[in-house]
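Data file: target-v7.txt. Format and content: compact mmCIF, N, CA and C atoms and all ligand atoms.
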# COMPACT_ATOMS: atom_id res chain seq x y z
N MET F 1 -14.71 37.55 62.65
CA MET F 1 -14.34 36.49 63.59
C MET F 1 -12.92 36.00 63.26
N LEU F 2 -12.15 35.80 64.32
CA LEU F 2 -10.76 35.33 64.10
C LEU F 2 -10.78 33.84 63.75
N PHE F 3 -10.04 33.49 62.71
CA PHE F 3 -10.13 32.16 62.12
C PHE F 3 -8.73 31.66 61.75
N THR F 4 -8.59 30.34 61.67
CA THR F 4 -7.34 29.79 61.14
C THR F 4 -7.62 28.81 60.02
N ILE F 5 -6.73 28.80 59.05
CA ILE F 5 -6.74 27.74 58.03
C ILE F 5 -5.32 27.20 57.95
N CYS F 6 -5.21 25.90 57.97
CA CYS F 6 -3.90 25.27 57.87
C CYS F 6 -4.01 24.14 56.86
N TYR F 7 -3.07 24.07 55.93
CA TYR F 7 -3.11 23.01 54.92
C TYR F 7 -1.70 22.53 54.58
N ILE F 8 -1.68 21.38 53.92
CA ILE F 8 -0.43 20.84 53.40
C ILE F 8 -0.65 20.62 51.90
N SER F 9 0.38 20.86 51.10
CA SER F 9 0.23 20.66 49.65
C SER F 9 1.57 20.26 49.05
N THR F 10 1.50 19.88 47.78
CA THR F 10 2.72 19.45 47.07
C THR F 10 3.01 20.45 45.96
N ALA F 11 4.25 20.86 45.85
CA ALA F 11 4.62 21.80 44.79
C ALA F 11 4.43 21.12 43.43
N ALA F 12 3.90 21.89 42.46
CA ALA F 12 3.68 21.33 41.12
C ALA F 12 5.00 20.87 40.51
N GLU F 13 6.06 21.64 40.75
CA GLU F 13 7.40 21.21 40.38
C GLU F 13 8.36 21.69 41.46
N LEU F 14 9.50 21.04 41.53
CA LEU F 14 10.48 21.45 42.55
C LEU F 14 10.87 22.90 42.30
N LEU F 15 10.83 23.70 43.35
CA LEU F 15 11.08 25.13 43.17
C LEU F 15 12.56 25.45 43.32
N LEU F 16 13.02 26.41 42.53
CA LEU F 16 14.38 26.91 42.69
C LEU F 16 14.37 27.91 43.83
N GLU F 17 15.57 28.12 44.39
CA GLU F 17 15.74 29.08 45.48
C GLU F 17 15.05 30.42 45.17
N GLU F 18 15.24 30.88 43.92
CA GLU F 18 14.67 32.20 43.59
C GLU F 18 13.13 32.17 43.50
N ASP F 19 12.58 31.01 43.11
CA ASP F 19 11.11 30.89 43.08
C ASP F 19 10.54 30.93 44.50
N VAL F 20 11.25 30.25 45.41
CA VAL F 20 10.81 30.23 46.81
C VAL F 20 10.85 31.66 47.36
N HIS F 21 11.94 32.37 47.07
CA HIS F 21 12.07 33.75 47.57
C HIS F 21 10.99 34.65 47.01
N ALA F 22 10.69 34.48 45.72
CA ALA F 22 9.66 35.32 45.08
C ALA F 22 8.30 35.05 45.72
N LEU F 23 7.97 33.77 45.91
CA LEU F 23 6.68 33.41 46.52
C LEU F 23 6.61 33.92 47.96
N PHE F 24 7.67 33.72 48.72
CA PHE F 24 7.69 34.16 50.12
C PHE F 24 7.54 35.68 50.20
N SER F 25 8.27 36.42 49.37
CA SER F 25 8.24 37.87 49.56
C SER F 25 6.88 38.43 49.13
N GLN F 26 6.28 37.85 48.08
CA GLN F 26 4.93 38.29 47.66
C GLN F 26 3.92 38.00 48.79
N THR F 27 4.03 36.81 49.36
CA THR F 27 3.09 36.37 50.38
C THR F 27 3.22 37.19 51.67
N ILE F 28 4.45 37.42 52.08
CA ILE F 28 4.68 38.19 53.31
C ILE F 28 4.14 39.62 53.16
N LYS F 29 4.42 40.21 52.00
CA LYS F 29 3.98 41.59 51.76
C LYS F 29 2.45 41.67 51.80
N SER F 30 1.81 40.76 51.06
CA SER F 30 0.35 40.80 50.96
C SER F 30 -0.30 40.48 52.31
N ASN F 31 0.21 39.47 53.01
CA ASN F 31 -0.41 39.09 54.28
C ASN F 31 -0.21 40.14 55.37
N THR F 32 0.95 40.76 55.37
CA THR F 32 1.21 41.82 56.35
C THR F 32 0.21 42.96 56.12
N HIS F 33 0.02 43.29 54.84
CA HIS F 33 -0.91 44.35 54.48
C HIS F 33 -2.34 44.01 54.91
N ASN F 34 -2.70 42.72 54.84
CA ASN F 34 -4.08 42.30 55.15
C ASN F 34 -4.27 41.76 56.56
N ASP F 35 -3.31 42.03 57.44
CA ASP F 35 -3.40 41.60 58.84
C ASP F 35 -3.57 40.08 58.99
N ILE F 36 -2.87 39.34 58.13
CA ILE F 36 -2.85 37.88 58.22
C ILE F 36 -1.53 37.48 58.86
N THR F 37 -1.61 36.68 59.91
CA THR F 37 -0.40 36.14 60.52
C THR F 37 -0.30 34.65 60.20
N GLY F 38 0.89 34.09 60.44
CA GLY F 38 1.06 32.66 60.18
C GLY F 38 2.44 32.34 59.63
N ILE F 39 2.52 31.17 58.98
CA ILE F 39 3.80 30.77 58.38
C ILE F 39 3.54 30.04 57.06
N LEU F 40 4.52 30.15 56.19
CA LEU F 40 4.53 29.34 54.98
C LEU F 40 5.86 28.60 54.98
N ILE F 41 5.77 27.26 55.01
CA ILE F 41 6.98 26.44 55.02
C ILE F 41 7.09 25.77 53.66
N TYR F 42 8.29 25.77 53.10
CA TYR F 42 8.54 24.98 51.89
C TYR F 42 9.75 24.09 52.16
N GLN F 43 9.54 22.80 52.03
CA GLN F 43 10.64 21.87 52.29
C GLN F 43 10.51 20.68 51.36
N GLU F 44 11.49 20.53 50.49
CA GLU F 44 11.57 19.38 49.58
C GLU F 44 10.25 19.05 48.88
N GLY F 45 9.70 20.05 48.25
CA GLY F 45 8.50 19.82 47.44
C GLY F 45 7.18 19.86 48.21
N THR F 46 7.25 20.06 49.52
CA THR F 46 6.02 20.14 50.31
C THR F 46 5.83 21.55 50.87
N PHE F 47 4.60 22.04 50.76
CA PHE F 47 4.25 23.30 51.43
C PHE F 47 3.40 22.97 52.65
N ILE F 48 3.63 23.70 53.73
CA ILE F 48 2.69 23.71 54.85
C ILE F 48 2.44 25.18 55.16
N GLN F 49 1.18 25.54 55.25
CA GLN F 49 0.88 26.93 55.55
C GLN F 49 -0.14 27.03 56.68
N VAL F 50 0.10 27.98 57.57
CA VAL F 50 -0.85 28.31 58.63
C VAL F 50 -1.23 29.77 58.41
N LEU F 51 -2.52 30.03 58.32
CA LEU F 51 -3.01 31.39 58.14
C LEU F 51 -3.94 31.73 59.30
N GLU F 52 -3.81 32.94 59.81
CA GLU F 52 -4.68 33.41 60.90
C GLU F 52 -5.19 34.80 60.54
N GLY F 53 -6.49 35.01 60.68
CA GLY F 53 -7.03 36.34 60.37
C GLY F 53 -8.54 36.32 60.32
N ASP F 54 -9.12 37.36 59.74
CA ASP F 54 -10.57 37.48 59.63
C ASP F 54 -11.14 36.33 58.79
N ASP F 55 -12.23 35.71 59.26
CA ASP F 55 -12.74 34.50 58.59
C ASP F 55 -13.17 34.73 57.14
N ILE F 56 -13.84 35.85 56.88
CA ILE F 56 -14.35 36.08 55.51
C ILE F 56 -13.17 36.30 54.57
N PHE F 57 -12.21 37.11 55.02
CA PHE F 57 -11.04 37.37 54.19
C PHE F 57 -10.25 36.07 53.95
N LEU F 58 -10.06 35.31 55.01
CA LEU F 58 -9.24 34.10 54.94
C LEU F 58 -9.84 33.05 54.00
N ASN F 59 -11.17 32.89 54.08
CA ASN F 59 -11.82 31.90 53.20
C ASN F 59 -11.70 32.30 51.73
N SER F 60 -11.79 33.60 51.45
CA SER F 60 -11.65 33.98 50.04
C SER F 60 -10.18 33.91 49.60
N LEU F 61 -9.25 34.20 50.50
CA LEU F 61 -7.83 34.03 50.17
C LEU F 61 -7.52 32.55 49.91
N PHE F 62 -8.08 31.68 50.73
CA PHE F 62 -7.79 30.25 50.58
C PHE F 62 -8.29 29.73 49.23
N LYS F 63 -9.45 30.25 48.76
CA LYS F 63 -9.96 29.84 47.43
C LYS F 63 -8.95 30.20 46.35
N LYS F 64 -8.36 31.41 46.49
CA LYS F 64 -7.36 31.85 45.50
C LYS F 64 -6.11 30.95 45.57
N ILE F 65 -5.69 30.66 46.80
CA ILE F 65 -4.49 29.83 46.99
C ILE F 65 -4.72 28.44 46.39
N GLU F 66 -5.93 27.90 46.62
CA GLU F 66 -6.25 26.55 46.11
C GLU F 66 -6.17 26.48 44.59
N GLU F 67 -6.44 27.63 43.93
CA GLU F 67 -6.44 27.64 42.46
C GLU F 67 -5.07 27.93 41.89
N ASP F 68 -4.09 28.16 42.74
CA ASP F 68 -2.76 28.54 42.26
C ASP F 68 -2.06 27.31 41.65
N PRO F 69 -1.65 27.41 40.38
CA PRO F 69 -1.07 26.23 39.71
C PRO F 69 0.32 25.83 40.23
N ARG F 70 0.89 26.62 41.14
CA ARG F 70 2.21 26.26 41.66
C ARG F 70 2.17 25.10 42.64
N HIS F 71 0.96 24.70 43.06
CA HIS F 71 0.88 23.53 43.94
C HIS F 71 -0.37 22.70 43.68
N LYS F 72 -0.40 21.48 44.23
CA LYS F 72 -1.52 20.54 44.01
C LYS F 72 -1.72 19.71 45.28
N GLN F 73 -2.70 18.80 45.23
CA GLN F 73 -2.99 17.93 46.39
C GLN F 73 -3.09 18.71 47.70
N ILE F 74 -3.90 19.77 47.64
CA ILE F 74 -4.02 20.65 48.81
C ILE F 74 -4.98 20.01 49.82
N THR F 75 -4.49 19.74 50.99
CA THR F 75 -5.30 19.07 52.02
C THR F 75 -5.41 19.98 53.23
N LYS F 76 -6.64 20.42 53.49
CA LYS F 76 -6.85 21.32 54.63
C LYS F 76 -6.87 20.48 55.90
N VAL F 77 -6.10 20.87 56.89
CA VAL F 77 -6.10 20.11 58.14
C VAL F 77 -6.77 20.87 59.30
N LEU F 78 -6.79 22.19 59.21
CA LEU F 78 -7.51 22.98 60.21
C LEU F 78 -8.28 24.08 59.48
N GLY F 79 -9.51 24.32 59.91
CA GLY F 79 -10.28 25.43 59.37
C GLY F 79 -11.33 25.73 60.42
N GLU F 80 -11.01 26.62 61.34
CA GLU F 80 -11.90 26.80 62.50
C GLU F 80 -11.70 28.16 63.16
N PRO F 81 -12.70 28.62 63.91
CA PRO F 81 -12.54 29.86 64.66
C PRO F 81 -11.48 29.66 65.76
N ILE F 82 -10.73 30.68 66.07
CA ILE F 82 -9.73 30.58 67.14
C ILE F 82 -9.91 31.72 68.13
N GLU F 83 -9.46 31.45 69.35
CA GLU F 83 -9.64 32.45 70.39
C GLU F 83 -8.53 33.51 70.34
N SER F 84 -7.35 33.10 69.88
CA SER F 84 -6.25 34.06 69.75
C SER F 84 -5.24 33.53 68.74
N ARG F 85 -4.39 34.43 68.26
CA ARG F 85 -3.39 34.05 67.26
C ARG F 85 -2.18 33.42 67.95
N VAL F 86 -1.52 32.51 67.25
CA VAL F 86 -0.26 31.97 67.75
C VAL F 86 0.92 32.77 67.18
N PHE F 87 0.75 33.24 65.93
CA PHE F 87 1.90 33.82 65.24
C PHE F 87 1.99 35.34 65.29
N ASP F 88 1.24 35.98 66.20
CA ASP F 88 1.36 37.44 66.23
C ASP F 88 2.69 37.89 66.84
N GLU F 89 3.26 37.05 67.69
CA GLU F 89 4.55 37.44 68.29
C GLU F 89 5.73 36.88 67.52
N TYR F 90 5.46 35.89 66.67
CA TYR F 90 6.56 35.21 66.00
C TYR F 90 7.03 36.00 64.79
N LEU F 91 8.25 36.49 64.82
CA LEU F 91 8.83 37.27 63.73
C LEU F 91 7.87 38.34 63.20
N LEU F 92 7.13 38.93 64.13
CA LEU F 92 6.23 40.05 63.82
C LEU F 92 5.19 39.75 62.75
N GLY F 93 4.56 38.61 62.80
CA GLY F 93 3.42 38.41 61.92
C GLY F 93 3.51 37.23 60.99
N PHE F 94 3.75 37.49 59.71
CA PHE F 94 3.76 36.39 58.76
C PHE F 94 5.17 36.15 58.27
N SER F 95 5.58 34.88 58.22
CA SER F 95 6.93 34.60 57.74
C SER F 95 6.95 33.36 56.85
N GLY F 96 7.96 33.31 56.02
CA GLY F 96 8.14 32.17 55.14
C GLY F 96 9.46 31.53 55.48
N MET F 97 9.54 30.20 55.46
CA MET F 97 10.80 29.57 55.84
C MET F 97 11.02 28.23 55.19
N HIS F 98 12.30 27.95 54.95
CA HIS F 98 12.62 26.64 54.39
C HIS F 98 13.99 26.15 54.82
N LYS F 99 14.68 26.91 55.66
CA LYS F 99 15.99 26.45 56.13
C LYS F 99 15.80 25.63 57.41
N VAL F 100 16.67 24.64 57.60
CA VAL F 100 16.55 23.75 58.75
C VAL F 100 16.56 24.53 60.07
N GLU F 101 17.42 25.54 60.18
CA GLU F 101 17.50 26.33 61.42
C GLU F 101 16.17 27.05 61.67
N GLU F 102 15.54 27.50 60.56
CA GLU F 102 14.27 28.23 60.71
C GLU F 102 13.17 27.28 61.19
N LEU F 103 13.19 26.05 60.65
CA LEU F 103 12.17 25.08 61.04
C LEU F 103 12.35 24.68 62.50
N GLN F 104 13.62 24.60 62.91
CA GLN F 104 13.91 24.26 64.30
C GLN F 104 13.41 25.37 65.23
N SER F 105 13.58 26.60 64.80
CA SER F 105 13.15 27.69 65.69
C SER F 105 11.63 27.77 65.77
N ILE F 106 10.91 27.46 64.68
CA ILE F 106 9.44 27.39 64.76
C ILE F 106 9.03 26.28 65.72
N TYR F 107 9.70 25.15 65.58
CA TYR F 107 9.37 24.00 66.43
C TYR F 107 9.48 24.37 67.91
N LEU F 108 10.58 25.03 68.27
CA LEU F 108 10.79 25.41 69.68
C LEU F 108 9.76 26.45 70.12
N PHE F 109 9.46 27.37 69.23
CA PHE F 109 8.45 28.40 69.53
C PHE F 109 7.09 27.75 69.81
N LEU F 110 6.69 26.81 68.93
CA LEU F 110 5.37 26.16 69.10
C LEU F 110 5.32 25.30 70.35
N LYS F 111 6.44 24.65 70.62
CA LYS F 111 6.51 23.78 71.79
C LYS F 111 6.31 24.60 73.08
N LYS F 112 6.93 25.78 73.08
CA LYS F 112 6.87 26.65 74.25
C LYS F 112 5.51 27.35 74.40
N ASN F 113 4.80 27.51 73.28
CA ASN F 113 3.56 28.31 73.30
C ASN F 113 2.29 27.49 73.27
N ARG F 114 2.29 26.33 73.88
CA ARG F 114 1.08 25.49 73.89
C ARG F 114 0.14 25.96 75.00
N LYS F 115 -0.63 27.04 74.70
CA LYS F 115 -1.45 27.65 75.77
C LYS F 115 -2.93 27.47 75.52
N THR F 116 -3.34 27.40 74.26
CA THR F 116 -4.78 27.31 73.94
C THR F 116 -5.03 25.99 73.21
N PRO F 117 -6.32 25.57 73.11
CA PRO F 117 -6.62 24.34 72.35
C PRO F 117 -6.06 24.41 70.92
N TYR F 118 -6.20 25.58 70.29
CA TYR F 118 -5.69 25.73 68.91
C TYR F 118 -4.17 25.57 68.85
N SER F 119 -3.45 26.23 69.75
CA SER F 119 -1.98 26.14 69.68
C SER F 119 -1.50 24.72 69.99
N LYS F 120 -2.24 24.01 70.82
CA LYS F 120 -1.88 22.61 71.11
C LYS F 120 -2.11 21.73 69.89
N ARG F 121 -3.24 21.97 69.18
CA ARG F 121 -3.53 21.19 67.98
C ARG F 121 -2.52 21.47 66.88
N LEU F 122 -2.15 22.74 66.76
CA LEU F 122 -1.17 23.13 65.75
C LEU F 122 0.17 22.46 66.02
N TYR F 123 0.58 22.46 67.25
CA TYR F 123 1.85 21.82 67.62
C TYR F 123 1.78 20.32 67.30
N ALA F 124 0.65 19.70 67.67
CA ALA F 124 0.51 18.25 67.44
C ALA F 124 0.57 17.94 65.94
N PHE F 125 0.00 18.82 65.14
CA PHE F 125 -0.01 18.58 63.70
C PHE F 125 1.38 18.79 63.08
N LEU F 126 2.07 19.85 63.50
CA LEU F 126 3.35 20.19 62.86
C LEU F 126 4.54 19.40 63.40
N LYS F 127 4.41 18.90 64.62
CA LYS F 127 5.53 18.23 65.30
C LYS F 127 6.18 17.11 64.45
N PRO F 128 5.40 16.14 63.95
CA PRO F 128 6.06 15.05 63.21
C PRO F 128 6.81 15.55 61.98
N PHE F 129 6.20 16.51 61.27
CA PHE F 129 6.85 17.05 60.08
C PHE F 129 8.13 17.82 60.45
N LEU F 130 8.04 18.67 61.47
CA LEU F 130 9.19 19.51 61.83
C LEU F 130 10.32 18.65 62.41
N GLU F 131 9.96 17.66 63.22
CA GLU F 131 11.00 16.82 63.84
C GLU F 131 11.77 16.01 62.82
N ARG F 132 11.14 15.69 61.70
CA ARG F 132 11.84 14.94 60.64
C ARG F 132 12.93 15.76 59.96
N GLN F 133 12.87 17.08 60.12
CA GLN F 133 13.78 17.95 59.37
C GLN F 133 15.13 18.16 60.05
N PHE F 134 15.26 17.75 61.31
CA PHE F 134 16.55 17.97 61.96
C PHE F 134 16.91 16.83 62.88
C1 LIG K 1 1.82 27.60 48.46
C2 LIG K 1 1.26 28.97 48.20
C3 LIG K 1 0.88 29.78 49.27
C4 LIG K 1 0.37 31.05 49.06
N1 LIG K 1 0.03 31.83 50.14
C5 LIG K 1 -0.46 33.07 49.94
C6 LIG K 1 -0.82 33.88 51.04
O1 LIG K 1 -0.71 33.49 52.20
N2 LIG K 1 -1.27 35.14 50.79
C7 LIG K 1 -1.39 35.63 49.52
O2 LIG K 1 -1.82 36.78 49.36
N3 LIG K 1 -1.06 34.89 48.46
C8 LIG K 1 -0.60 33.62 48.64
N4 LIG K 1 -0.25 32.85 47.56
C9 LIG K 1 -0.43 33.41 46.21
C10 LIG K 1 -1.87 33.32 45.75
O3 LIG K 1 -2.15 32.01 45.30
C11 LIG K 1 -2.12 34.32 44.59
O4 LIG K 1 -1.17 34.16 43.60
C12 LIG K 1 -2.02 35.73 45.14
O5 LIG K 1 -2.94 35.90 46.17
C13 LIG K 1 -2.22 36.76 44.04
O6 LIG K 1 -3.54 37.13 43.97
P1 LIG K 1 -4.03 38.37 43.07
O7 LIG K 1 -4.37 37.74 41.75
O8 LIG K 1 -5.22 38.88 43.76
O9 LIG K 1 -2.90 39.34 43.00
C14 LIG K 1 0.25 31.54 47.74
C15 LIG K 1 0.61 30.72 46.66
C16 LIG K 1 1.12 29.45 46.88
C17 LIG K 1 1.53 28.60 45.72

Render the structure in this file as structure tokens.
Ligand SMILES: Cc1cc2nc3c(=O)[nH]c(=O)nc-3n(C[C@H](O)[C@H](O)[C@H](O)COP(=O)(O)O)c2cc1C
Amino acid sequence: MLFTICYISTAAELLLEEDVHALFSQTIKSNTHNDITGILIYQEGTFIQVLEGDDIFLNSLFKKIEEDPRHKQITKVLGEPIESRVFDEYLLGFSGMHKVEELQSIYLFLKKNRKTPYSKRLYAFLKPFLERQF
């Protein structure tokens, strides 16, 4: 069953540019391989991640992510079956971002793609955070 998990968390310590790149490239590679779409945002000590994929796989991946010592205060905001993916067209699957221009482009993409109940909820959740960045 197609499922989404979305959470917000706090980095255990402020990450250096190279740590962000290492985490993003590991995550993109693994998620692309496992047919997981979504985004991982890192901005000033906060992570926001949206994951879309098979429910059984996603729930076990989320358990692993929750145990990762690189972040804490993990708060799940969405965990539900979805009718279709939002991020399958966005940058070809899974992407990581932390530059202001990248956050702006996600914001515009989400704003334009409010077609399903899930995509509307996702936009409503991410809007205040994304709008604060630019
Ligand atoms: C904020 C954050 C997000 C992560 N997101 C993913 C992810 O989407 N996919 C993934 O495979 N690993 C992700 N990881 C890494 C996992 O926690 C874990 O290190 C990775 O799955 C390695 O698992 P392995 O021991 O099976 O190799 C993330 C880590 C952090 C700190």

Pick from F:Thr10, F:Thr32, F:Thr116, F:Thr27: nearest to ligand LIG 1 (chain K), with only N, CA and C atoms and all ligand atoms counted?
-> F:Thr27

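Reported to one decimal place, the separation of atom N of Asn34 in chain F from atom N of Thr46 in chain F is 25.3 Å.
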
Ile56 in chain F surroundings by only N, CA and C atoms, 8 Å radius, close-in-sequence under 5 positions cut, as a PyMOL selection string | chain F and resi 1-3+61-62

Just asking: which residues within chain F are strand (DSSP E) according to DSSP, as number ranges by chain?
-> F: 2-11, 37-43, 46-54, 71-81, 94-97

Nearest to ligand LIG 1 (chain K): which of F:His71, F:Arg85, F:His98, F:Lys115 is it, counting only N, CA and C atoms and all ligand atoms?
->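 With only N, CA and C atoms and all ligand atoms as the atom set, the closest residue is F:His71.
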
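Here CA of Lys111 in chain F and CA of Asn31 in chain F stand 24.3 Å from one another.
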
Distance of atom N of Leu91 in chain F from atom N of Thr75 in chain F, expressed in Å to one decimal place |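 Those two atoms sit 25.2 Å apart.
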
Which is closest to ligand LIG 1 (chain K) among F:Lys64, F:Lys99, F:His33, F:His21, if we use all atoms listed in the file?
-> F:Lys64

Each residue of chain F with at least one atom at most 6.5 Å from ligand LIG 1 (chain K) should appear once, together with its nearest atom pair and the corresponding distance in Å (one decimal); atoms considered: all atoms listed in the file; ordering: chain, then increasing residue number; output as a tab-separated table.
residue	atom	partner	partner_atom	distance
F:Gln26	C	K:LIG1	C7	5.9
F:Thr27	CA	K:LIG1	N2	4.5
F:Ile28	N	K:LIG1	N2	6.3
F:Ser30	CA	K:LIG1	O2	4.8
F:Asn31	N	K:LIG1	O2	5.0
F:Phe47	CA	K:LIG1	C1	5.8
F:Lys64	C	K:LIG1	O3	4.1
F:Ile65	CA	K:LIG1	O3	3.6
F:Glu66	N	K:LIG1	O3	5.7
F:Glu67	C	K:LIG1	O3	6.1
F:Asp68	CA	K:LIG1	O3	4.7
F:Pro69	C	K:LIG1	C17	6.3
F:Arg70	C	K:LIG1	C17	4.7
F:His71	N	K:LIG1	C17	4.8

Can you list every residue in range 37-101 of chain F that DSSP puts in alpha helix (DSSP H), as a list in words?
-> Asp55, Ile56, Phe57, Leu58, Asn59, Ser60, Leu61, Phe62, Lys63, Lys64, Ile65, Glu66, Val100 and Glu101 of chain F

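Residue nearest Lys76 in chain F within the list F:Tyr90, F:Phe24, F:Phe125, F:Phe134: F:Phe125 [criterion: smallest interatomic distance, only C-alpha atoms].
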
Residue nearest Ile8 in chain F among F:Met97, F:Leu126, F:Leu103, F:Leu110 (counting only C-alpha atoms) |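 Looking at the shortest contact to Ile8 in chain F, the residue is F:Leu126.
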